Amino acid sequence: MVPRPHSVVWVALLAGLLLAGAVHAAQPACGSGAADSCAAATETTGPEVHVEDGLLSDELRDELIQYLDSHEPDNALGVIMVPTPRTLAERFAGALRPLGAGSAHPARFPALSLSSFANGTGLLPGKSVGTVSKDCHSDYEVDSGFNIDNVLGPTEGRVGILYLSGEGEFVLVDEETGAETRQEVKPGRFMSWSNTGNKHCLATASEARRRFLGPVVLDSTKSSFIPVVDILARPVFCTTPGPSCVDGLSCVPAGKPASGATHCCSGSIFWAPEEKCCRLIGVSTPSAEQCCSGRMHAHVCAPKGDVSCLARCKRAADHGYELAYAKCNKLRGSRAMACSEEQRSFTKKTKKGKVLKVVREHYLRDDIYSGSPLDPDCPPDACKLSGEAPHYLLVDTNVALHQMDFLEHTAVTDVIVTSVVLEEVKARNASAYQRLRQLIAAEPKRFFVFANEHHRETYIKQEPGETPNDRNDRAIRVAAAWYTKRLPGHKVILLSDDADNRRKAEELGVVALSSAAYARQRAAEGQAELQDLVAAAKEAEAAEKSAAGAEGGAGGGSGSGKRAAKRQRVYEEHRPMSEITAGIKAGRYHQGTLRVNRFNSFEGWVGSESVGQDILISGRIDMNRAMEGDVVAVELLPEDQWRGPSTKLPTAAAGETAAAEGGEADAAAEGAADGAHIAQVDPAEHYGEDASAAGGGGKRPTGKVVGVIKRNWRTRGYCGSLQPLKSSGGSANHTQSVLFCPVERRFPYIRIQTRQAATLADKRIVVAIDGWEADSMYPSGHYVRTLGAIGDRETETEVLLIENDINTNPFTTAVHACVPPLPWSVTEADVADPSRADLRHLAVCSVDPPGCKDIDDALHVRRLPNGNFELGVHIADVTNFVHPGTAMDEEASQRATTVYLVQRRIDMLPKPLTEDICSLRAEVERLAFSVIWEVTPDAEVVSSQFTKSIIRSRAALTYAEAQSRIDDERLTDDLSVNLRTLNTLAKILRQKRADRGALSLASPEVKFEIDTETHDPLDVGMYQVREANQMVEEMMLLANCTVAEFTLRHFPACALLRRHPVPPPRQFEPLLRAAAAVGASIDPSTSKTLAASLDGCVRADDPYFNKLIRIMATRCMTQAVYLSSGEASEPEYYHYGLAAPLYTHFTSPIRRYADVIVHRVLMAALGLRPLPDSLRDRELMHGVVDNLNVRHRNAQLAGRASVELHTLIFFRGRQVVADARVTKVRSNGLIVFVPKYGIEGPVYLEDSAAAAAAAAADGGAGPSGRKQGAAAAAADSNFVYDEEKQTVRSKDGSAHYTVFDKCAVRILVEETHGNRRQLVLRLVPRSELPASEQMH
Amino acid sequence: MEYVSPEGLRLDGRRPKELRQLKAELGVLASADGSAMFEMGNTKVLAAVFGPKPIENRSQEDEKRCLVKCEYAMASFSTGERRRRGKGDRRATEITKAIRNCLEQTILVELMPRSQIDVYVQVLQADGGTRCACINAAFMALAAAAVPMRDILASCAAGYLESTALLDLNYVEDSGGGPDVAVAIHPNYQDRVVLLQQDNRVAIETFEEVMQLAVAGCRAVGEFMRQQLLEHTQKLAAARAAGEQQAAAAQEDDDALDEDDY
């Protein structure tokens, strides 16, 4: 081994030690060096002091003294860093090095400072190793545990001191004998002595300065003495006292040391060479004198008082945060800090089936307040409840879950919601939780959340044998009791619908009421409406349970109670959940979502993967209380009971049959109104019914519902109106049971209890379902609110908005805050932005429907020098204003789309953005996101690029204006020429698309002319599709496809695409059958063949035939949907209708949120902005995309419903005979389509006599549906239905209808009781058709 | 999952800027030169220090400074689901390095050339924030071993969930997908940052806020540790005094016995 310098030193050290040891052994009284003062030590018999003089050379000593004199201690510790010369270091090393390499113990006391000495060469600043302090010193005992016997013989502690200046004596006192050994200290003198059983201190004769040069090193053999303590050899530095020492503050403040110091610290030391100061953590001792005593005794330690504790509190407060670690008992007085800890432990099962014990911390606090100003302890800012409220309500979970409408009423305020209730509601019903949260957020409602689970006094533990439910109930009671105690003069009512809970609460001295009883109490104060809002089922339950029901509720409650007893069960009980789960597993039951027939709430289909096709559920009993959207378990009936769907139009008669089946008299009331519905034609809605017809009247798998797995009851309620009362006997304030008829026919009637039946008779109201018992024909519900008079345009619009779940609330202030202030214009910064192209010189224009204010696309074209064209699509740069994560972005992503109604637009973004800032209006500079292609004159795309831009639109044209510019060859201005070029290119693109197999479908859109004053429709007609429309459409398609490709290439996992799934073949069956009946052939195998065969469906004599076929084909399509590219793979991105492999929505960011997302993805792909994290989050995106699809669909439905409503209003007060086409044939009637008005509905085939009768009746008061139904029922037998040929003919052969036939219908509005109106179609001879209405 | 209720309470009842309950115990292992148990809520870490001692492997010897060796391990029972965790897996290696780095910056390594300090850190119970608890435990153990150090080394994590900066995340919050910023500082040294680690992405403005909070948390942790060290030293002194008295008494007894024997 190559010897290294340090090993040489080690050897030298060892030698020194051995030498010292030998001398010591041989001559106890003397040190090993020059022995001029040996005699001094040998005089005493007490402890030996070994003295070595001449440790330092004279020069060195003088240098050191000078150095120390010229350096004042630079901090309160009185420490001077001393660069130690090598010679001195070596001497020290020789004397003090306690052991060498051969030691049995590894070094506890290793190189430490000694080696650092060795490194020092001369008085080099910065090579500081020792410290010098003045005025006092303390040493510290050492329990080194190391054995130096081998080296030094008998172990003795040694201390080294070097005295430099001043006068004094070193005193060593034997603790047993009290014998003192005194030793004069001189500059440069080194001493060592046995530390065992000795006190040592410095006795001074004068005020002169005394200084010691460290390190002071000690060792001893006391390991047996204090076994529990584990202190190691360490350097101990003396400090001067100072306030900083008192609590051992580690940082040494600059400044003067305090005078009259009496404290000294020792302990663990942290040395910061850079700052030249020591930090220490240690025990403070009261006096310097005792410090020097060589031993530290417990009594000399200052007791640690609360001083430091309080200081800690203050510091925590200074930092503005609270410390949870604080010990509660000491800090009870301090507000925010008090807490104690609980462990909550429970077991859970992992996905793999392992059972785990989970332990969670649970902190209990003292700083949770009652939230009432009546509570003196509650800080004012935590007060949410009103001091003036007559009482506070504390709600139970069952109330919060089921009585939400009641709680939402404005009369219900000052409610305490405990966190246990919140948590239970959250776990049980997410939408109820949302509503509860909204209530809590609503200022005027004064709902206060009391975090009882984290409150020290209200937290309770689950007792053995107690169910979690019982425990939660108890927690609520405890919270109520706490409030009662807390607010002695004030009434706190526990609102609970659980009688048992109420009883137990009363035992605790808490006032408890059921919600019904409370409502009655309030009703007496004039809040009549409140009582209606109490969920009906609970009312009954409460009435039955409470022995002494008050008079009002007893009327309704006991009434229903009696009936319940009398009535036999209508429906089969639902099977228990365990059985259902087992049944589904075993294949006995099938699970699926129920889709109910649009016209009949008791016929539906359950899509089941296990059966492979949809299961028919037919009839009230088999439906067994399931409703639209419920997830149900279905049991298949034996095959001989399988049925086919009805081939009849649903009529009053059919309704009555259903009623008879049900066996309840008032069911007839339902049948009476259950006529077929006149509907605006819906491009893809008819699947349900048509699929049923697709079976060809044959038997379909039929089943019955055995259980509801998940209810899909709407929390927002159902819109509708009350069934007219049979007798007007009910007085105004008497509770009556009435039937409520939802506007949506998929839903059954709902029974509600109300005291305001008379006032509600002609109103549209909202009702929520509470439950559906097996002994009740109808579900029971409760009144929520009134919308307005039936038939009123505003009311009905409100209805259709609610039915389609469209948020019409005004934007919140937070959202408006995100909108830049008006007037807005392009800023310098935008122009200077290098990523934004300045395209203001281009002749851009926009083409939109008339009256369009939210213009989100514009176009340009120009010829390039090489003969190609530059084509540009400019889209409003919405994402420049809507930033991810803002309130506006949140709101827009919730709304997802702008909803267009006939007379109204419900915006996705605030108006200033949609109509001004983003809108690409004419003659103003706007920010845009542009897609620019270079295309050949054959419309082949050569290249494409995307850029943010600034444009100035030259003109905002309507389709009609654009069309006239295209058509008028005389116009040669830039814009017109460009439009013509665009049109030419668009035509080529369109042709290319058609060649690829894109479908050209038709939808029967209508437009209204609206009276500006009354807002009533003046005229209605078919929406004209011009070339200009197709031109714009083509450009947008091109832009969308280009963007889809580009974004997907950059972000294969998070691009937003729009796909159109290939429709399953059976969906085409109605179309094929209808076409076959008239001899046309359609091949739906691919979109290309379909497109071709649709083109082939032409009748020379019937120009409208092709369009009709296309409309019918549209209905066979599936819905196009958005998807995130990460969720599916390549082939599934296909857009069937457009025959495009990739498609997305990019061109309407003002009105569609999907486009906003696509803009963001595109920006990220271009490197303009980073991709927002939310777009990478697959789970989150799934939710967003789902919402987009649902909202998109709802917006469509609402738009259509609005058109329907306006059609109805249009026909109010007028009768029109119109040209119609048969689209469907049924055994008792036809479905006809009126192209001009875009409406479709049933006509019933009648005997001519009956028709005449009906026609006669038209003049008078409108015939009731029942009469008509009876006529239709009679007619039934006279007609023969041929499904194969899609023909129905009368037996006498006088009448004969086939699909696609032309016919004439009279369109009229029938008025019935209570403002109810209904559009009715009647067949009339074609001869009655005025020429103006004829279609060609 | 709702991590912070609108009322401002976290899942376990803390407010966003509160630490979990801290506990520290020194000298828990008799055989180690210094040892400490450190708890942050349900996270429990044991640290043991051996040394300073002569270097074991001469080739690693450094004339200028001592070698700090560190070993981090997670007990297989430390999480609910029993899982064998190797010392060499990526996570363990990373944490080991982080701890060692912190300690090297804190120990006055230049005072102890040619020597070595071994630090063993064992996670007994994991409930989020193990990294910080490990650093704190290692520091306490070093202090107990009287290894000279620059300053207190205090570590604490903070995160950001639901637009709220949260201090000292527990496991549930840690797995909430937000950023997790682990910081260690020297609190008396102008909060000099010794360790800064972060998982997940976060906006820079948010980061500032989270970082500030984490540093404030570190200061509180440091304050707590200082108190604990003070108490510990006091306890030692008291024990010593008691021990001395006992020994004195024992000595007398021995003397008495001796006399009887004669």
# chains A, B, ... in the order shown; residues from 1 in each chain; ligands from 1
>>> residues_around(residues="Gln894 of chain A", least_positions_apart="2", cutoff="12 Å", atoms="only C-alpha atoms", output="MDAnalysis selection string")
chainID A and resid 805:808 811 887:892 896:898 907:909 1152:1154 1183:1192
>>> write_last_selection(atoms="C-alpha atoms", output="PDB file, in the first residue's frame")
ATOM      1  CA  ASP A 805     -82.037  20.151 -20.092  1.00  0.00           C
ATOM      2  CA  ILE A 806     -80.786  23.383 -21.557  1.00  0.00           C
ATOM      3  CA  ASN A 807     -79.191  25.864 -19.238  1.00  0.00           C
ATOM      4  CA  THR A 808     -80.771  29.261 -19.804  1.00  0.00           C
ATOM      5  CA  PHE A 811     -73.836  34.002 -17.284  1.00  0.00           C
ATOM      6  CA  ALA A 887     -64.816  30.392 -15.470  1.00  0.00           C
ATOM      7  CA  MET A 888     -65.904  31.161 -19.004  1.00  0.00           C
ATOM      8  CA  ASP A 889     -64.236  28.041 -20.311  1.00  0.00           C
ATOM      9  CA  GLU A 890     -65.906  25.935 -17.636  1.00  0.00           C
ATOM     10  CA  GLU A 891     -69.292  27.379 -18.447  1.00  0.00           C
ATOM     11  CA  ALA A 892     -68.823  26.944 -22.186  1.00  0.00           C
ATOM     12  CA  ALA A 896     -71.177  22.791 -25.079  1.00  0.00           C
ATOM     13  CA  THR A 897     -73.232  24.408 -27.790  1.00  0.00           C
ATOM     14  CA  THR A 898     -75.351  27.391 -28.620  1.00  0.00           C
ATOM     15  CA  ASP A 907     -75.525  31.330 -26.240  1.00  0.00           C
ATOM     16  CA  MET A 908     -72.616  29.184 -25.274  1.00  0.00           C
ATOM     17  CA  LEU A 909     -70.432  32.258 -24.745  1.00  0.00           C
ATOM     18  CA  ARG A1152     -69.700  24.797 -30.454  1.00  0.00           C
ATOM     19  CA  TYR A1153     -67.328  23.873 -27.703  1.00  0.00           C
ATOM     20  CA  ALA A1154     -65.965  20.953 -29.697  1.00  0.00           C
ATOM     21  CA  GLY A1183     -66.620  13.124 -19.715  1.00  0.00           C
ATOM     22  CA  VAL A1184     -66.250  16.252 -21.819  1.00  0.00           C
ATOM     23  CA  VAL A1185     -66.908  14.373 -25.047  1.00  0.00           C
ATOM     24  CA  ASP A1186     -69.942  12.636 -23.580  1.00  0.00           C
ATOM     25  CA  ASN A1187     -71.303  15.977 -22.545  1.00  0.00           C
ATOM     26  CA  LEU A1188     -70.671  17.406 -26.013  1.00  0.00           C
ATOM     27  CA  ASN A1189     -72.671  14.603 -27.572  1.00  0.00           C
ATOM     28  CA  VAL A1190     -75.550  14.836 -25.141  1.00  0.00           C
ATOM     29  CA  ARG A1191     -75.765  18.606 -25.372  1.00  0.00           C
ATOM     30  CA  HIS A1192     -75.508  18.548 -29.121  1.00  0.00           C
TER      31      HIS A1192
END
>>> select_by_dssp(residues="segment 40-208 of chain B", states="strand (DSSP E or B)", output="ChimeraX atom specification")
/B:40,43-54,67-74,107,115-125,149,154-161,164-167,180-186,192-199
>>> residues_around(residues="Tyr3 of chain B", least_positions_apart="5", cutoff="10 Å", atoms="only C-alpha atoms", output="NGL selection string")
:B and (8-12 or 16 or 161-162 or 164 or 166 or 172-173 or 176)
>>> closest_residue(among="B:Val202, B:Ile117, B:Cys156, B:Leu169", to="Ile185 of chain B", atoms="only C-alpha atoms")
B:Cys156
>>> select_by_dssp(residues="segment 1038-1281 of chain A", states="alpha helix (DSSP H)", output="PyMOL selection string")
chain A and resi 1038-1050+1069-1077+1087-1096+1103-1116+1153-1166+1173-1176+1178-1211+1248-1259+1265-1276
>>> write_last_selection(atoms="C-alpha atoms", output="tab-separated table (two decimals), in the first residue's frame")
chain	number	residue	atom	x	y	z
A	1038	LEU	CA	-62.50	20.77	-46.48
A	1039	ALA	CA	-61.22	22.80	-43.54
A	1040	ASN	CA	-62.54	20.32	-41.02
A	1041	CYS	CA	-61.01	17.34	-42.80
A	1042	THR	CA	-57.66	19.08	-43.16
A	1043	VAL	CA	-57.60	20.02	-39.49
A	1044	ALA	CA	-58.66	16.53	-38.43
A	1045	GLU	CA	-55.80	14.99	-40.34
A	1046	PHE	CA	-53.26	17.44	-39.04
A	1047	THR	CA	-54.24	17.30	-35.39
A	1048	LEU	CA	-54.48	13.53	-35.38
A	1049	ARG	CA	-51.02	13.26	-36.85
A	1050	HIS	CA	-49.62	15.41	-34.07
A	1069	GLU	CA	-85.16	-2.17	-43.25
A	1070	PRO	CA	-88.04	0.34	-43.18
A	1071	LEU	CA	-86.48	2.25	-46.04
A	1072	LEU	CA	-85.87	-0.90	-48.06
A	1073	ARG	CA	-89.39	-2.14	-47.48
A	1074	ALA	CA	-90.92	1.16	-48.45
A	1075	ALA	CA	-88.75	1.40	-51.53
A	1076	ALA	CA	-89.46	-2.19	-52.51
A	1077	ALA	CA	-93.18	-1.52	-52.26
A	1087	SER	CA	-72.23	4.42	-48.49
A	1088	LYS	CA	-71.19	4.49	-52.11
A	1089	THR	CA	-73.80	2.01	-53.27
A	1090	LEU	CA	-76.35	3.75	-51.12
A	1091	ALA	CA	-75.53	7.10	-52.64
A	1092	ALA	CA	-75.73	5.65	-56.10
A	1093	SER	CA	-79.03	3.90	-55.50
A	1094	LEU	CA	-80.48	7.01	-53.93
A	1095	ASP	CA	-79.50	8.90	-57.06
A	1096	GLY	CA	-81.30	6.23	-59.01
A	1103	PRO	CA	-89.90	15.29	-58.63
A	1104	TYR	CA	-90.33	15.21	-54.90
A	1105	PHE	CA	-90.01	11.44	-54.69
A	1106	ASN	CA	-86.23	11.53	-54.60
A	1107	LYS	CA	-86.18	14.02	-51.80
A	1108	LEU	CA	-88.68	11.98	-49.85
A	1109	ILE	CA	-86.54	8.90	-50.21
A	1110	ARG	CA	-83.54	10.87	-49.05
A	1111	ILE	CA	-85.44	12.13	-46.04
A	1112	MET	CA	-86.33	8.58	-45.18
A	1113	ALA	CA	-82.75	7.48	-45.69
A	1114	THR	CA	-81.65	10.17	-43.28
A	1115	ARG	CA	-83.75	8.53	-40.61
A	1116	CYS	CA	-81.91	5.26	-41.05
A	1153	TYR	CA	-67.33	23.87	-27.70
A	1154	ALA	CA	-65.96	20.95	-29.70
A	1155	ASP	CA	-64.46	23.46	-32.09
A	1156	VAL	CA	-62.87	25.31	-29.21
A	1157	ILE	CA	-61.14	22.11	-28.17
A	1158	VAL	CA	-60.04	21.44	-31.73
A	1159	HIS	CA	-58.63	24.95	-31.96
A	1160	ARG	CA	-56.60	24.32	-28.84
A	1161	VAL	CA	-55.30	21.03	-30.14
A	1162	LEU	CA	-54.40	22.66	-33.42
A	1163	MET	CA	-52.60	25.48	-31.64
A	1164	ALA	CA	-50.61	22.94	-29.69
A	1165	ALA	CA	-49.84	21.03	-32.86
A	1166	LEU	CA	-48.52	24.22	-34.40
A	1173	ASP	CA	-53.35	19.39	-19.35
A	1174	SER	CA	-57.06	18.74	-19.31
A	1175	LEU	CA	-56.90	17.55	-22.91
A	1176	ARG	CA	-54.37	14.93	-22.02
A	1178	ARG	CA	-58.24	10.72	-20.81
A	1179	GLU	CA	-60.83	10.29	-18.12
A	1180	LEU	CA	-61.67	13.97	-18.12
A	1181	MET	CA	-61.89	14.09	-21.89
A	1182	HIS	CA	-64.25	11.16	-21.90
A	1183	GLY	CA	-66.62	13.12	-19.72
A	1184	VAL	CA	-66.25	16.25	-21.82
A	1185	VAL	CA	-66.91	14.37	-25.05
A	1186	ASP	CA	-69.94	12.64	-23.58
A	1187	ASN	CA	-71.30	15.98	-22.54
A	1188	LEU	CA	-70.67	17.41	-26.01
A	1189	ASN	CA	-72.67	14.60	-27.57
A	1190	VAL	CA	-75.55	14.84	-25.14
A	1191	ARG	CA	-75.77	18.61	-25.37
A	1192	HIS	CA	-75.51	18.55	-29.12
A	1193	ARG	CA	-78.40	16.13	-29.30
A	1194	ASN	CA	-80.46	18.07	-26.79
A	1195	ALA	CA	-79.87	21.27	-28.72
A	1196	GLN	CA	-81.15	19.59	-31.87
A	1197	LEU	CA	-84.21	18.28	-30.10
A	1198	ALA	CA	-84.93	21.63	-28.54
A	1199	GLY	CA	-84.60	23.36	-31.89
A	1200	ARG	CA	-87.02	20.91	-33.41
A	1201	ALA	CA	-89.44	21.24	-30.53
A	1202	SER	CA	-89.32	24.97	-30.96
A	1203	VAL	CA	-90.21	24.61	-34.64
A	1204	GLU	CA	-93.07	22.33	-33.66
A	1205	LEU	CA	-94.29	24.86	-31.16
A	1206	HIS	CA	-94.23	27.62	-33.71
A	1207	THR	CA	-95.99	25.44	-36.24
A	1208	LEU	CA	-98.72	24.93	-33.72
A	1209	ILE	CA	-98.93	28.64	-33.07
A	1210	PHE	CA	-98.98	29.28	-36.80
A	1211	PHE	CA	-101.93	26.98	-37.35
A	1248	SER	CA	-116.48	8.05	-45.43
A	1249	ALA	CA	-119.51	8.39	-43.23
A	1250	ALA	CA	-117.38	8.79	-40.18
A	1251	ALA	CA	-115.18	11.20	-42.05
A	1252	ALA	CA	-118.20	13.21	-42.98
A	1253	ALA	CA	-119.33	13.19	-39.40
A	1254	ALA	CA	-115.98	14.25	-38.29
A	1255	ALA	CA	-115.82	16.92	-40.92
A	1256	ALA	CA	-119.21	18.16	-39.82
A	1257	ALA	CA	-118.02	18.23	-36.28
A	1258	ASP	CA	-115.07	20.37	-37.29
A	1259	GLY	CA	-117.28	23.33	-37.65
A	1265	GLY	CA	-110.05	12.73	-28.88
A	1266	ARG	CA	-112.21	9.98	-27.60
A	1267	LYS	CA	-114.78	10.45	-30.34
A	1268	GLN	CA	-112.13	10.39	-32.94
A	1269	GLY	CA	-110.61	7.36	-31.39
A	1270	ALA	CA	-113.91	5.59	-31.46
A	1271	ALA	CA	-114.27	6.39	-35.11
A	1272	ALA	CA	-110.84	5.07	-35.80
A	1273	ALA	CA	-111.56	1.95	-33.88
A	1274	ALA	CA	-114.64	1.41	-35.95
A	1275	ALA	CA	-112.71	2.01	-39.12
A	1276	ASP	CA	-110.17	-0.54	-38.09
>>> residues_around(residues="Asp191 of chain B", least_positions_apart="6", cutoff="10 Å", atoms="only C-alpha atoms", output="list in words")
Leu153, Ala154, Ala184, Ile185, Val215, Ala216, Cys218 and Arg219 of chain B
>>> closest_atom_pairs(of="segment 132-201 of chain B", to="segment 50-59 of chain B", cutoff="12 Å", atoms="only C-alpha atoms", output="CSV")
residue,atom,partner,partner_atom,distance
B:Ala138,CA,B:Phe50,CA,11.3
B:Ala141,CA,B:Phe50,CA,9.4
B:Leu142,CA,B:Phe50,CA,8.9
B:Ala143,CA,B:Phe50,CA,11.9
B:Ala144,CA,B:Phe50,CA,10.8
B:Ala145,CA,B:Gly51,CA,7.8
B:Ala146,CA,B:Pro52,CA,9.4
B:Val147,CA,B:Pro52,CA,7.4
B:Pro148,CA,B:Pro52,CA,10.0
>>> residues_around(residues="Asp1019 of chain A", least_positions_apart="2", cutoff="7 Å", atoms="only C-alpha atoms", output="list in words")
Phe1008, Glu1009, Pro1017 and Gly1021 of chain A
>>> write_last_selection(atoms="N, CA and C atoms", output="PDB file, in the first residue's frame")
ATOM      1  N   PHE A1008     -89.459  30.090 -40.601  1.00  0.00           N
ATOM      2  CA  PHE A1008     -90.625  30.880 -40.250  1.00  0.00           C
ATOM      3  C   PHE A1008     -90.377  32.326 -40.589  1.00  0.00           C
ATOM      4  N   GLU A1009     -91.454  32.973 -40.943  1.00  0.00           N
ATOM      5  CA  GLU A1009     -91.376  34.419 -40.971  1.00  0.00           C
ATOM      6  C   GLU A1009     -92.057  34.886 -39.708  1.00  0.00           C
ATOM      7  N   PRO A1017     -95.471  33.530 -35.616  1.00  0.00           N
ATOM      8  CA  PRO A1017     -95.084  33.225 -36.994  1.00  0.00           C
ATOM      9  C   PRO A1017     -96.133  33.721 -37.982  1.00  0.00           C
ATOM     10  N   GLY A1021     -92.412  27.977 -44.368  1.00  0.00           N
ATOM     11  CA  GLY A1021     -92.166  27.374 -45.669  1.00  0.00           C
ATOM     12  C   GLY A1021     -90.887  26.573 -45.629  1.00  0.00           C
TER      13      GLY A1021
END
>>> residues_around(residues="Gly178 of chain B", least_positions_apart="2", cutoff="8 Å", atoms="only C-alpha atoms", output="ChimeraX atom specification")
/B:159-161,174-176,180,200-202
>>> closest_residue(among="B:Ala237, B:Val119, B:Ala36, B:Leu103", to="chain A", atoms="only C-alpha atoms")
B:Ala237
>>> atom_distance(atom1="atom CA of Ala1028 of chain A", atom2="atom CA of Gly1238 of chain A")
22.4 Å
>>> atom_distance(atom1="atom CA of Glu572 of chain A", atom2="atom CA of Ala586 of chain A")
21.4 Å
>>> closest_residue(among="B:Val49, B:Ile204, B:Val194, B:Met149", to="chain A", atoms="only C-alpha atoms")
B:Met149
>>> closest_residue(among="B:Arg240, B:Lys44, B:Arg20, B:His232", to="Gln125 of chain B", atoms="only C-alpha atoms")
B:Lys44
>>> closest_residue(among="B:Ser115, B:Gln105, B:Thr93, B:Ser78", to="chain A", atoms="only C-alpha atoms")
B:Ser115
